[in-house]
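A.B. asks: Contents are PDB, C-alpha atoms; file name start-v5.pdb:
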MODEL        1
ATOM      1  CA  MET A   9     -12.230  26.221  -7.782
ATOM      2  CA  SER A  10      -8.694  25.717  -6.501
ATOM      3  CA  GLY A  11      -8.555  21.976  -7.196
ATOM      4  CA  ARG A  12      -8.078  21.203  -3.508
ATOM      5  CA  VAL A  13      -9.985  18.358  -1.962
ATOM      6  CA  GLU A  14     -11.327  19.200   1.455
ATOM      7  CA  MET A  15     -11.248  16.484   4.091
ATOM      8  CA  ALA A  16     -14.148  15.842   6.421
ATOM      9  CA  ASP A  17     -13.834  16.983  10.029
ATOM     10  CA  ARG A  18     -14.184  13.409  11.238
ATOM     11  CA  PRO A  19     -13.331   9.987   9.846
ATOM     12  CA  SER A  20     -15.767   8.251   7.534
ATOM     13  CA  GLU A  21     -17.164   4.823   8.341
ATOM     14  CA  LEU A  22     -14.554   3.338   6.017
ATOM     15  CA  GLY A  23     -11.829   5.352   7.745
ATOM     16  CA  ARG A  24     -12.911   4.044  11.146
ATOM     17  CA  LEU A  25     -12.992   0.473   9.828
ATOM     18  CA  LEU A  26      -9.518   0.773   8.332
ATOM     19  CA  ALA A  27      -8.077   2.377  11.474
ATOM     20  CA  SER A  28      -9.500  -0.323  13.731
ATOM     21  CA  SER A  29      -8.576  -3.322  11.589
ATOM     22  CA  PRO A  30      -5.501  -5.406  12.233
ATOM     23  CA  ALA A  31      -2.798  -4.592   9.727
ATOM     24  CA  ARG A  32       0.616  -5.907   8.875
ATOM     25  CA  ARG A  33       3.269  -3.394   8.050
ATOM     26  CA  TYR A  34       6.167  -4.107   5.746
ATOM     27  CA  LEU A  35       9.508  -2.345   5.472
ATOM     28  CA  ALA A  36      12.113  -2.967   2.776
ATOM     29  CA  TRP A  37      15.752  -2.165   3.556
ATOM     30  CA  ILE A  38      18.685  -1.465   1.257
ATOM     31  CA  ASP A  39      22.200  -1.384   2.694
ATOM     32  CA  GLY A  40      20.859  -0.944   6.223
ATOM     33  CA  GLU A  41      18.547   1.948   5.327
ATOM     34  CA  PRO A  42      14.737   1.843   5.279
ATOM     35  CA  ALA A  43      13.813   2.174   1.610
ATOM     36  CA  ALA A  44      10.122   1.342   1.095
ATOM     37  CA  THR A  45       6.972   0.610   3.071
ATOM     38  CA  ALA A  46       3.632  -1.079   2.523
ATOM     39  CA  SER A  47       0.749  -2.371   4.615
ATOM     40  CA  MET A  48      -1.942  -5.023   4.441
ATOM     41  CA  ALA A  49      -5.145  -4.708   6.453
ATOM     42  CA  CYS A  50      -7.002  -7.918   7.274
ATOM     43  CA  TYR A  51     -10.788  -8.274   7.427
ATOM     44  CA  GLY A  52     -11.373 -11.939   8.116
ATOM     45  CA  ASP A  53     -10.466 -13.618   4.821
ATOM     46  CA  MET A  54     -10.321 -10.332   2.861
ATOM     47  CA  PHE A  55      -7.315  -8.039   2.552
ATOM     48  CA  SER A  56      -6.685  -4.438   1.578
ATOM     49  CA  PHE A  57      -3.254  -3.301   0.435
ATOM     50  CA  GLY A  58      -2.128   0.233   1.176
ATOM     51  CA  GLY A  59       0.615   2.361   2.641
ATOM     52  CA  ALA A  60       2.935   1.905  -0.321
ATOM     53  CA  CYS A  61       5.759   4.413  -0.424
ATOM     54  CA  THR A  62       9.365   4.352  -1.620
ATOM     55  CA  ARG A  63      12.005   6.892  -0.666
ATOM     56  CA  VAL A  64      13.114   8.847  -3.742
ATOM     57  CA  GLN A  65      16.723   7.643  -3.738
ATOM     58  CA  PHE A  66      15.550   4.000  -3.755
ATOM     59  CA  ARG A  67      12.974   4.192  -6.563
ATOM     60  CA  LYS A  68      13.148   2.085  -9.732
ATOM     61  CA  ARG A  69      14.651  -0.930  -7.935
ATOM     62  CA  GLY A  70      11.546  -3.133  -7.844
ATOM     63  CA  LEU A  71      10.855  -2.635  -4.136
ATOM     64  CA  GLN A  72       7.103  -2.078  -4.492
ATOM     65  CA  SER A  73       6.789  -5.088  -6.783
ATOM     66  CA  ALA A  74       8.594  -7.189  -4.185
ATOM     67  CA  LEU A  75       6.416  -5.840  -1.366
ATOM     68  CA  THR A  76       3.258  -6.502  -3.402
ATOM     69  CA  GLN A  77       4.368 -10.066  -4.146
ATOM     70  CA  ARG A  78       5.145 -10.612  -0.456
ATOM     71  CA  ARG A  79       1.718  -9.312   0.619
ATOM     72  CA  LEU A  80      -0.006 -11.528  -1.954
ATOM     73  CA  ALA A  81       1.911 -14.528  -0.625
ATOM     74  CA  ASP A  82       0.994 -13.609   2.962
ATOM     75  CA  ALA A  83      -2.695 -13.226   2.019
ATOM     76  CA  GLY A  84      -2.629 -16.707   0.520
ATOM     77  CA  VAL A  85      -3.744 -18.391  -2.661
ATOM     78  CA  GLY A  86      -7.333 -17.521  -3.589
ATOM     79  CA  ALA A  87      -7.665 -14.673  -1.062
ATOM     80  CA  PHE A  88      -9.820 -11.670  -1.916
ATOM     81  CA  VAL A  89      -7.470  -8.686  -2.137
ATOM     82  CA  GLN A  90      -8.400  -5.053  -2.729
ATOM     83  CA  VAL A  91      -5.729  -2.698  -4.037
ATOM     84  CA  THR A  92      -6.334   0.928  -4.935
ATOM     85  CA  ALA A  93      -4.110   3.182  -7.037
ATOM     86  CA  LEU A  94      -4.726   6.278  -9.125
ATOM     87  CA  PRO A  95      -4.974   5.340 -12.819
ATOM     88  CA  GLY A  96      -1.903   6.245 -14.841
ATOM     89  CA  THR A  97       0.446   6.512 -11.862
ATOM     90  CA  GLN A  98       3.612   4.496 -11.390
ATOM     91  CA  SER A  99       1.849   2.670  -8.535
ATOM     92  CA  HIS A 100      -0.954   1.683 -10.917
ATOM     93  CA  ARG A 101       1.526   0.392 -13.521
ATOM     94  CA  ASN A 102       3.462  -1.551 -10.875
ATOM     95  CA  LEU A 103       0.283  -3.238  -9.640
ATOM     96  CA  GLN A 104      -0.764  -4.161 -13.176
ATOM     97  CA  ARG A 105       2.599  -5.837 -13.778
ATOM     98  CA  VAL A 106       2.418  -7.855 -10.570
TER      99      VAL A 106
ENDMDL
END
Just dump the structure as structure tokens.
C.D. replies:
Amino acid sequence: MSGRVEMADRPSELGRLLASSPARRYLAWIDGEPAATASMACYGDMFSFGGACTRVQFRKRGLQSALTQRRLADAGVGAFVQVTALPGTQSHRNLQRV
């Protein structure tokens, strides 16, 4: 086995739900340059965080922590929020800290 994960030929039910749900997109800037992104999909009073990415030259500046804190604030106190990250990754560690 090559270790590759094959994608389905068509979107899953979850994929269709995510693609059709309203989402907010966030962009962090440093010195006039786009540095990091994130998104928050809304399902009524539930939220799913995704789309987190930081350009290499802007890493280790706390941008994803700031974007996570902003999305939590936008979701509101007591909101149900789902966040997914691969265990052991920097994204996972950042989310645990926040």
A.B. asks: Determine, counting all atoms listed in the file, which protein, DNA and RNA residues have an atom within 8 Å of an atom of Thr62 of chain A; residues of the same chain fewer than 3 positions away are not included. Present the result as a PyMOL selection string.
C.D. replies: chain A and resi 43-45+66-67+71-72
A.B. asks: Convert the output of the PyMOL selection byres ((chain A and resi 30-36) around 9) on the shown file into explicit residues, formatted as a count of residues only.
C.D. replies: 24
A.B. asks: Convert the output of the PyMOL selection byres ((chain A and resi 54) around 7) on the shown file into explicit residues, formatted as a list of chain:residue names.
C.D. replies: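 Applying the PyMOL selection byres ((chain A and resi 54) around 7) to the structure shown produces A:Cys50, A:Tyr51, A:Gly52, A:Asp53, A:Phe55, A:Ala87, A:Phe88, A:Val89.
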A.B. asks: Which value, in Å to one decimal, gives the distance between atom CA of Arg105 of chain A and atom CA of Thr92 of chain A?
C.D. replies: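 Spanning atom CA of Arg105 of chain A to atom CA of Thr92 of chain A is a straight-line distance of 14.3 Å.
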A.B. asks: Quick check, in Å to one decimal: how far apart do atom CA of Ser73 of chain A and atom CA of Arg101 of chain A lie?
C.D. replies: 10.2 Å
A.B. asks: Could you work out how far atom CA of Gly40 of chain A lies from atom CA of Thr97 of chain A, giving the answer in Å with one decimal?
C.D. replies: 28.3 Å
A.B. asks: Evaluating the PyMOL selection byres ((chain A and resi 106) around 8) on the displayed file yields which residues, as a PyMOL selection string?
C.D. replies: chain A and resi 73+76-77+102-105
